[in-house]
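Visitor: I'm passing along start.txt; it holds compact mmCIF, C-alpha atoms.
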# COMPACT_ATOMS: atom_id res chain seq x y z
CA MET A 11 0.00 0.00 0.00
CA ASN A 12 1.49 3.33 -0.95
CA GLN A 13 1.48 6.49 1.10
CA LEU A 14 -1.32 8.07 -0.86
CA GLN A 15 -3.65 5.14 -0.22
CA LYS A 16 -2.69 5.21 3.45
CA LEU A 17 -3.54 8.88 3.59
CA GLU A 18 -6.88 8.29 1.89
CA GLU A 19 -7.70 5.69 4.51
CA SER A 20 -7.32 8.33 7.19
CA PHE A 21 -10.11 10.30 5.49
CA LEU A 22 -12.61 7.49 6.07
CA LYS A 23 -15.33 8.30 8.54
CA PRO A 24 -15.67 5.73 11.33
CA ASN A 25 -18.91 3.75 11.61
CA VAL A 26 -20.33 4.59 8.23
CA PRO A 27 -23.59 2.74 7.70
CA GLN A 28 -23.65 -0.33 5.46
CA LEU A 29 -26.05 0.88 2.82
CA LYS A 30 -27.57 -1.20 0.05
CA ILE A 31 -29.36 -0.46 -3.16
CA GLY A 32 -33.13 -0.46 -2.73
CA GLN A 33 -33.13 0.59 0.89
CA THR A 34 -35.45 3.38 1.93
CA VAL A 35 -33.36 5.69 4.06
CA LYS A 36 -33.67 8.87 6.10
CA VAL A 37 -30.55 10.97 5.61
CA SER A 38 -30.00 13.59 8.31
CA LEU A 39 -28.02 16.41 6.83
CA LYS A 40 -26.41 19.20 8.81
CA ILE A 41 -27.11 22.55 7.19
CA VAL A 42 -25.28 25.68 8.27
CA GLU A 43 -27.08 28.94 7.57
CA GLY A 44 -24.85 31.77 8.69
CA GLU A 45 -24.52 31.22 12.42
CA LYS A 46 -27.33 28.71 12.77
CA GLU A 47 -27.12 24.99 12.31
CA ARG A 48 -30.03 22.73 11.64
CA ILE A 49 -30.74 19.19 10.58
CA GLN A 50 -32.63 18.49 7.39
CA VAL A 51 -33.96 15.03 6.65
CA PHE A 52 -34.12 13.63 3.14
CA GLU A 53 -36.07 10.39 2.88
CA GLY A 54 -36.11 8.20 -0.20
CA ILE A 55 -34.91 5.08 -1.96
CA ILE A 56 -31.22 4.48 -2.66
CA ILE A 57 -31.12 4.02 -6.43
CA GLY A 58 -27.38 3.85 -6.90
CA MET A 59 -23.96 3.89 -5.27
CA LYS A 60 -20.73 5.00 -6.85
CA GLY A 61 -17.04 5.13 -6.01
CA VAL A 62 -14.83 3.43 -3.46
CA GLY A 63 -13.24 4.41 -0.18
CA HIS A 64 -13.73 7.97 0.98
CA ARG A 65 -15.04 8.93 -2.46
CA GLN A 66 -18.12 6.70 -2.21
CA THR A 67 -21.47 8.36 -2.83
CA PHE A 68 -25.07 7.19 -2.86
CA THR A 69 -28.05 8.60 -4.73
CA VAL A 70 -31.40 8.90 -2.99
CA ARG A 71 -34.63 9.37 -4.97
CA LYS A 72 -37.93 10.55 -3.64
CA ILE A 73 -41.15 11.95 -5.00
CA SER A 74 -41.78 15.43 -3.67
CA TYR A 75 -45.20 16.95 -4.54
CA GLY A 76 -45.39 14.71 -7.56
CA VAL A 77 -41.92 15.66 -8.79
CA GLY A 78 -39.07 13.22 -8.69
CA VAL A 79 -36.09 14.54 -6.71
CA GLU A 80 -32.71 12.84 -6.66
CA ARG A 81 -29.89 13.81 -4.43
CA MET A 82 -26.37 12.41 -4.24
CA PHE A 83 -24.64 12.22 -0.86
CA PRO A 84 -20.97 11.55 -0.20
CA LEU A 85 -20.99 8.68 2.29
CA HIS A 86 -18.02 10.06 4.23
CA SER A 87 -19.14 13.68 4.35
CA PRO A 88 -19.11 15.18 7.84
CA SER A 89 -22.36 16.96 6.92
CA ILE A 90 -24.21 13.67 7.01
CA GLN A 91 -25.18 13.25 10.65
CA ARG A 92 -26.83 9.88 10.36
CA VAL A 93 -28.48 7.54 7.89
CA GLU A 94 -31.42 5.55 9.13
CA VAL A 95 -32.66 2.55 7.18
CA VAL A 96 -36.46 2.60 7.12
CA ARG A 97 -37.05 -0.48 4.95
CA GLU A 98 -35.22 -2.76 2.59
CA GLY A 99 -36.53 -3.41 -0.88
CA GLU A 100 -36.07 -6.56 -2.90
CA VAL A 101 -33.90 -5.63 -5.89
CA ASN A 102 -31.93 -7.42 -8.56
CA ARG A 103 -30.02 -4.46 -9.94
CA ALA A 104 -27.05 -2.33 -8.97
CA LYS A 105 -28.74 0.80 -10.29
CA LEU A 106 -32.47 1.40 -9.96
CA TYR A 107 -32.72 3.93 -12.77
CA PHE A 108 -35.88 2.19 -14.03
CA LEU A 109 -37.73 3.89 -11.17
CA ARG A 110 -37.39 7.17 -13.01
CA GLU A 111 -39.82 6.04 -15.70
CA ARG A 112 -42.32 4.76 -13.20
CA SER A 113 -44.74 6.46 -10.88
CA GLY A 114 -47.32 5.52 -8.29
CA ARG A 115 -47.78 1.87 -7.41
CA SER A 116 -45.34 0.54 -9.98
CA ALA A 117 -42.54 2.67 -8.52
CA ARG A 118 -42.60 0.72 -5.27
CA LEU A 119 -40.20 -2.03 -4.31
CA SER A 120 -41.39 -5.13 -2.51
CA GLU A 121 -39.97 -5.56 0.97
CA LYS A 122 -37.08 -7.94 1.38
CA LYS A 123 -38.25 -11.27 2.79
CA ARG A 124 -35.80 -11.52 5.65
CA GLU A 125 -37.69 -14.35 7.46
CA ILE A 126 -36.95 -16.76 4.64
CA VAL A 127 -33.43 -15.55 4.08
CA ASP A 128 -32.49 -15.81 7.75
CA ALA A 129 -34.68 -18.81 8.55
CA LYS A 130 -31.99 -20.70 10.41
CA LYS A 131 -30.53 -17.70 12.17
CA GLU A 132 -32.04 -15.56 14.87
CA PRO A 133 -34.55 -13.15 13.36
CA THR A 134 -32.52 -9.99 12.96
CA PRO A 135 -34.21 -6.64 13.37
CA ILE A 136 -33.99 -4.15 10.56
CA LEU A 137 -30.53 -2.68 10.45
CA VAL A 138 -30.46 0.79 11.95
CA PRO A 139 -26.87 1.96 11.74
CA SER A 140 -26.27 5.40 13.08
CA ILE A 141 -23.37 7.72 13.50
CA SER A 142 -24.58 10.00 16.24
CA ASP A 143 -27.57 8.48 18.01
CA GLN A 144 -26.37 9.68 21.37
CA ILE A 145 -25.61 13.18 20.28
CA GLU A 146 -29.08 13.62 18.92
CA GLU A 147 -30.67 12.53 22.18
CA GLU A 148 -28.49 14.67 24.39
CA ASN A 149 -28.99 17.83 22.37
CA PRO A 150 -32.38 17.64 20.76
CA VAL A 151 -32.11 19.49 17.47
CA PRO A 152 -35.26 20.66 15.72
CA VAL A 153 -35.68 18.25 12.89
CA GLU A 154 -37.22 19.93 9.91
CA SER A 155 -38.30 17.63 7.18
CA VAL A 156 -38.11 18.60 3.54
CA LYS A 157 -41.36 19.94 2.26
CA MET B 194 14.29 30.33 8.39
CA ILE B 195 14.90 28.77 5.03
CA ASP B 196 12.58 29.72 2.17
CA GLY B 197 11.85 26.29 0.76
CA LEU B 198 12.09 22.53 0.77
CA MET B 199 11.89 19.81 -1.84
CA GLY B 200 10.04 16.56 -2.21
CA TYR B 201 8.12 14.29 -4.52
CA LYS B 202 4.62 14.67 -5.85
CA LEU B 203 2.56 11.63 -4.88
CA GLY B 204 -0.71 12.39 -6.64
CA MET B 205 -4.08 13.97 -6.13
CA THR B 206 -7.02 13.15 -3.91
CA GLN B 207 -9.78 14.94 -2.02
CA PHE B 208 -11.02 15.29 1.53
CA PHE B 209 -13.68 17.05 3.55
CA SER B 210 -12.77 20.12 5.57
CA GLU B 211 -14.26 20.70 9.01
CA GLU B 212 -16.99 22.81 7.43
CA GLY B 213 -17.94 19.86 5.27
CA LYS B 214 -16.51 21.25 2.05
CA LEU B 215 -14.80 18.87 -0.32
CA ILE B 216 -11.27 20.10 -1.06
CA PRO B 217 -9.24 18.77 -4.01
CA VAL B 218 -5.62 18.35 -2.92
CA THR B 219 -2.25 17.35 -4.26
CA VAL B 220 -0.25 15.20 -1.86
CA LEU B 221 3.47 15.88 -1.68
CA GLN B 222 6.09 13.99 0.25
CA ILE B 223 8.34 16.78 1.50
CA GLY B 224 11.64 16.14 3.21
CA PRO B 225 13.23 15.56 5.58
CA CYS B 226 15.89 17.59 3.80
CA LYS B 227 19.37 17.64 5.32
CA VAL B 228 21.66 20.64 5.16
CA VAL B 229 24.74 19.59 3.22
CA GLN B 230 26.47 22.92 2.75
CA ILE B 231 25.93 26.51 3.84
CA LYS B 232 27.03 29.14 1.38
CA THR B 233 28.08 32.42 2.96
CA LEU B 234 28.57 35.97 1.78
CA GLU B 235 32.24 35.83 2.78
CA LYS B 236 33.11 32.71 0.86
CA GLU B 237 30.65 32.26 -2.01
CA GLY B 238 29.33 35.80 -2.21
CA TYR B 239 25.69 34.87 -1.51
CA GLN B 240 23.65 33.20 1.19
CA ALA B 241 22.03 29.85 0.59
CA ALA B 242 21.79 26.37 2.02
CA GLN B 243 22.31 23.27 -0.05
CA LEU B 244 19.77 20.64 0.93
CA SER B 245 19.64 16.93 0.16
CA PHE B 246 16.58 14.74 -0.23
CA ASP B 247 15.76 11.08 -0.87
CA ASP B 248 18.46 9.01 0.86
CA VAL B 249 20.19 6.46 -1.31
CA ALA B 250 23.05 3.95 -0.99
CA GLU B 251 26.54 5.38 -1.46
CA ARG B 252 27.24 3.19 -4.49
CA ARG B 253 24.36 4.90 -6.33
CA VAL B 254 26.15 8.26 -6.52
CA THR B 255 29.41 9.24 -8.17
CA LYS B 256 32.54 9.29 -6.03
CA ALA B 257 32.75 13.05 -6.29
CA ILE B 258 29.25 13.51 -4.92
CA ALA B 259 29.82 10.83 -2.27
CA GLY B 260 32.86 12.78 -1.10
CA HIS B 261 30.78 15.96 -0.92
CA PHE B 262 28.27 14.22 1.32
CA LYS B 263 31.06 12.74 3.44
CA LYS B 264 32.47 16.21 4.06
CA ALA B 265 29.13 17.28 5.51
CA ALA B 266 28.86 13.99 7.43
CA VAL B 267 25.33 13.37 6.12
CA GLY B 268 24.16 10.27 4.26
CA THR B 269 24.22 10.19 0.49
CA ALA B 270 21.04 11.30 -1.22
CA ARG B 271 19.65 11.39 -4.71
CA ARG B 272 18.77 15.08 -4.85
CA LEU B 273 20.73 18.21 -4.05
CA LYS B 274 19.36 21.71 -4.36
CA GLU B 275 20.08 25.18 -3.03
CA PHE B 276 17.55 27.26 -1.17
CA LYS B 277 17.80 30.87 -0.04
CA GLY B 278 16.55 32.32 3.21
CA ASP B 279 17.62 33.48 6.62
CA LEU B 280 20.18 30.90 7.63
CA ALA B 281 21.01 32.21 11.09
CA GLY B 282 21.47 29.35 13.52
CA MET B 283 21.45 26.70 10.84
CA ASN B 284 24.03 23.92 11.01
CA VAL B 285 25.31 21.46 8.45
CA GLY B 286 23.71 18.07 8.96
CA GLU B 287 20.48 19.51 10.33
CA ALA B 288 17.29 17.90 9.02
CA LEU B 289 14.50 20.22 7.91
CA THR B 290 11.01 18.82 7.89
CA VAL B 291 7.64 19.75 6.49
CA ASP B 292 6.48 21.18 9.83
CA MET B 293 7.94 24.55 8.82
CA PHE B 294 4.68 24.93 6.89
CA LYS B 295 1.32 25.04 8.57
CA LYS B 296 -2.28 24.84 7.47
CA GLY B 297 -3.42 28.00 5.71
CA ASP B 298 0.07 29.06 4.56
CA ARG B 299 0.60 30.16 0.98
CA VAL B 300 3.35 28.52 -1.07
CA ASP B 301 4.77 28.51 -4.57
CA VAL B 302 5.51 25.15 -6.15
CA THR B 303 8.13 24.58 -8.84
CA GLY B 304 8.28 21.38 -10.82
CA VAL B 305 8.93 20.03 -14.29
CA SER B 306 5.66 19.83 -16.20
CA ARG B 307 4.53 16.66 -17.92
CA GLY B 308 6.14 16.17 -21.32
CA LYS B 309 3.66 16.35 -24.19
CA GLY B 310 6.09 15.69 -27.07
CA PHE B 311 5.96 17.53 -30.39
CA GLN B 312 2.63 19.30 -30.55
CA GLY B 313 0.79 21.47 -33.04
CA VAL B 314 -0.25 25.05 -32.50
CA MET B 315 -3.80 24.24 -31.38
CA LYS B 316 -2.67 22.30 -28.34
CA ARG B 317 0.57 24.19 -27.76
CA HIS B 318 -0.58 27.78 -28.20
CA HIS B 319 -4.37 27.47 -28.13
CA PHE B 320 -4.81 28.55 -31.77
CA ARG B 321 -8.37 28.27 -33.00
CA GLY B 322 -7.80 26.10 -36.06
CA GLY B 323 -10.32 25.97 -38.85
CA PRO B 324 -13.72 24.39 -39.52
CA ALA B 325 -13.74 20.60 -39.45
CA THR B 326 -16.27 20.15 -42.27
CA HIS B 327 -18.23 22.01 -45.00
CA GLY B 328 -15.43 21.56 -47.50
CA SER B 329 -12.90 23.29 -45.31
CA MET B 330 -9.36 22.34 -46.17
CA PHE B 331 -7.93 24.23 -43.20
CA HIS B 332 -8.15 22.23 -39.99
CA ARG B 333 -5.35 22.42 -37.42
CA ALA B 334 -2.67 24.31 -39.35
CA PRO B 335 -1.16 27.57 -37.96
CA GLY B 336 -2.12 29.72 -40.99
CA SER B 337 0.02 32.62 -42.16
CA ILE B 338 3.26 33.19 -40.27
CA GLY B 339 4.21 36.39 -42.09
CA ALA B 340 3.07 38.21 -45.26
CA SER B 341 5.19 38.43 -48.40
CA SER B 342 5.64 42.12 -49.16
CA PHE B 343 5.67 43.31 -45.55
CA PRO B 344 7.31 42.21 -43.30
CA SER B 345 8.65 39.70 -45.80
CA ARG B 346 10.08 37.67 -42.97
CA VAL B 347 8.91 35.69 -39.96
CA PHE B 348 9.00 37.62 -36.69
CA LYS B 349 11.03 36.29 -33.82
CA ASN B 350 9.03 34.36 -31.21
CA GLN B 351 6.35 33.51 -33.78
CA ARG B 352 4.32 30.76 -32.13
CA MET B 353 4.79 27.53 -34.02
CA PRO B 354 4.55 23.76 -33.50
CA GLY B 355 7.26 22.19 -31.39
CA HIS B 356 8.12 20.42 -28.19
CA MET B 357 5.62 21.01 -25.41
CA GLY B 358 5.90 20.35 -21.70
CA SER B 359 8.93 19.09 -19.72
CA LYS B 360 9.51 22.71 -18.75
CA THR B 361 10.19 24.10 -15.30
CA ILE B 362 6.90 25.65 -14.19
CA THR B 363 6.09 27.52 -10.99
CA THR B 364 2.54 27.71 -9.71
CA GLN B 365 2.13 30.61 -7.31
CA ASP B 366 0.08 31.19 -4.19
CA ILE B 367 -1.19 27.70 -3.44
CA MET B 368 -2.89 27.17 -0.09
CA VAL B 369 -1.63 24.54 2.32
CA ALA B 370 -4.72 22.45 3.04
CA ASP B 371 -3.11 20.20 5.65
CA VAL B 372 0.28 19.09 6.98
CA ARG B 373 1.08 15.61 8.25
CA PRO B 374 4.53 15.93 9.84
CA ASP B 375 4.47 12.32 11.08
CA GLN B 376 4.38 11.09 7.48
CA ASN B 377 6.27 14.05 5.93
CA LEU B 378 3.23 14.85 3.84
CA LEU B 379 2.04 18.22 2.63
CA LEU B 380 -1.45 18.61 1.19
CA LEU B 381 -1.88 21.55 -1.16
CA LYS B 382 -5.20 22.78 -2.44
CA GLY B 383 -5.46 22.26 -6.19
CA SER B 384 -2.88 21.04 -8.63
CA VAL B 385 0.91 21.44 -8.87
CA PRO B 386 3.18 21.07 -11.92
CA GLY B 387 4.57 17.69 -12.88
CA ALA B 388 3.72 14.03 -12.88
CA PRO B 389 3.49 11.80 -9.79
CA LYS B 390 6.95 10.86 -8.45
CA GLY B 391 8.32 14.09 -9.96
CA LEU B 392 10.61 16.33 -7.94
CA VAL B 393 8.97 19.54 -6.73
CA SER B 394 10.27 22.46 -4.70
CA ILE B 395 8.07 24.34 -2.25
CA TYR B 396 8.79 27.98 -1.53
CA ARG B 397 7.12 30.50 0.71
CA SER B 398 4.70 32.45 -1.49
CA VAL B 399 6.29 35.44 -3.19
CA LYS B 400 2.91 37.17 -3.45
CA GLU B 401 2.36 36.74 0.28
CA LYS B 402 5.75 38.34 0.97
CA VAL B 403 4.82 41.32 -1.19
CA LYS B 404 1.51 41.65 0.62
CA LYS B 405 3.20 41.71 4.03
CA ALA B 406 5.89 44.18 3.02
If you took the structure in this file and wrote it as structure tokens, what would it be?
Guide:
Amino acid sequence: MNQLQKLEESFLKPNVPQLKIGQTVKVSLKIVEGEKERIQVFEGIIIGMKGVGHRQTFTVRKISYGVGVERMFPLHSPSIQRVEVVREGEVNRAKLYFLRERSGRSARLSEKKREIVDAKKEPTPILVPSISDQIEEENPVPVESVK
Amino acid sequence: MIDGLMGYKLGMTQFFSEEGKLIPVTVLQIGPCKVVQIKTLEKEGYQAAQLSFDDVAERRVTKAIAGHFKKAAVGTARRLKEFKGDLAGMNVGEALTVDMFKKGDRVDVTGVSRGKGFQGVMKRHHFRGGPATHGSMFHRAPGSIGASSFPSRVFKNQRMPGHMGSKTITTQDIMVADVRPDQNLLLLKGSVPGAPKGLVSIYRSVKEKVKKA
């Protein structure tokens, strides 16, 4: 491993969530407006991931007032406070760009059947990785959802 | 304090600043540079320090250069270069490290640019060229280089095709994005001249000096 790669490893954020394509996630984003800081939540389906290491990004798509909105987040950005997995969709693709042509019922993904997958193991609860669970509870920040 | 140091360019990457902004950086491995010789006003007529970088086995250098290193009682190195600056209190054999720079400093970087080979005027001098289609028979050629009755010759410095790159280039006023003294690494915002593994010299920014004066 060369020095540059070693340096890039030091840029990795600890405890980044293990995200997968098709998951519905709530991304809590820190927004600084002048002096004030607030948390904005962006909820949608992960339709793609790109890059490796500290350059990795994921694209989240949601329908806002009937308009499709896609936003790309760098996984290792310090602005991303936490990523909460709401549900996991059953997908067979690395990129869910077909969702762009669909709307309404056909744009939904069926939930992953974890009971069958993990039949022999203990039933695992839905993965909720977080970066700053504690911080949020100690200092309640007004969470303003995107309108 | 000495005005500069030398090192190798490692390549480019990016990282997030504390404010969450993504900063493109060039990573340089700077020093440690050892002082091999101090040139004084009395003896050489000017003040400078000769620094060495990139230690190498003695058999890799010529006997003359090995003897020069032996005189200074420092190990043999691949690179030798002179740097100006205030040399008060500096001793031969002293190792200078990257921690003379700190985050937010402004520096100038000198390196040898990537060689592009023999290039035409469009790439080399940003000429416009001609239309690609519609029966045009003038594509990438330079056009007229001097008319026949006047001046009836080609002016000196007329821009023409030729060898491009592999030239010593200085990029001024680059911001130091981060310093990692434990790994001898310097992270500069933006790009610097040269290819990875190329030798670069870092100087305190000339523009910054003018601003302060």
Visitor: For Val385 of chain B, which of B:Met353, B:Ala265, B:Leu234, B:Val369 is the closest residue, counting only C-alpha atoms?
Guide: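 Of all the options, B:Val369 lies closest to Val385 of chain B.
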Visitor: For chain B against chain A, which residues fall within 7 Å using all atoms listed in the file, given as a PyMOL selection string?
Guide: chain B and resi 203+208-209+213
Visitor: What's the 9 Å shell around Val35 of chain A, counting only C-alpha atoms, without same-chain residues fewer than 3 positions away, as a compact mmCIF listing (two decimals) with C-alpha atoms, in the frame of the given file?
Guide:
# COMPACT_ATOMS: atom_id res chain seq x y z
CA LEU A 29 -26.05 0.88 2.82
CA PHE A 52 -34.12 13.63 3.14
CA GLU A 53 -36.07 10.39 2.88
CA GLY A 54 -36.11 8.20 -0.20
CA ILE A 55 -34.91 5.08 -1.96
CA ILE A 56 -31.22 4.48 -2.66
CA VAL A 70 -31.40 8.90 -2.99
CA VAL A 93 -28.48 7.54 7.89
CA GLU A 94 -31.42 5.55 9.13
CA VAL A 95 -32.66 2.55 7.18
CA VAL A 96 -36.46 2.60 7.12
CA ARG A 97 -37.05 -0.48 4.95
CA GLU A 98 -35.22 -2.76 2.59
Visitor: Given all atoms listed in the file as the basis, pick out the residue of A:Gln28, A:Gln91, A:Ser38, A:Asn102 nearest to Ser120 of chain A.
Guide: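 Comparing A:Gln28, A:Gln91, A:Ser38, A:Asn102 against Ser120 of chain A, the winner is A:Asn102.
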Visitor: Pick from A:Val26, A:Gly76, A:Met59, A:Gly32: nearest to Glu121 of chain A, with only C-alpha atoms counted?
Guide: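 With only C-alpha atoms as the atom set, the closest residue is A:Gly32.
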Visitor: Quick one, how far is atom CA of Lys232 of chain B from atom CA of Ala270 of chain B?
Guide: 19.0 Å
Visitor: Nearest to Val302 of chain B: which of B:Ile367, B:Leu215, B:Ile195, B:Ala406 is it, counting only C-alpha atoms?
Guide: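 Of B:Ile367, B:Leu215, B:Ile195, B:Ala406, the one nearest Val302 of chain B, counting only C-alpha atoms, is B:Ile367.
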Visitor: Box time for segment 346-358 of chain B: axis-aligned, enclosing all its listed atoms, 6 Å extra on each side; report centre and edge lengths in Å to one decimal, as AutoDock Vina command-line options.
Guide:
--center_x 7.7 --center_y 29.0 --center_z -32.3 --size_x 18.7 --size_y 29.3 --size_z 33.3
Visitor: Residues at most 10 Å from segment 322-337 of chain B, counting only C-alpha atoms, excluding those fewer than 3 positions away in the same chain, as a ChimeraX atom specification?
Guide: /B:313-316,318-319,340-341,347,352-354
Visitor: Using Å and a single decimal, report how far atom CA of Lys390 of chain B sits from atom CA of Asp247 of chain B.
Guide: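 For atom CA of Asp247 of chain B relative to atom CA of Lys390 of chain B, the distance reads 11.6 Å.
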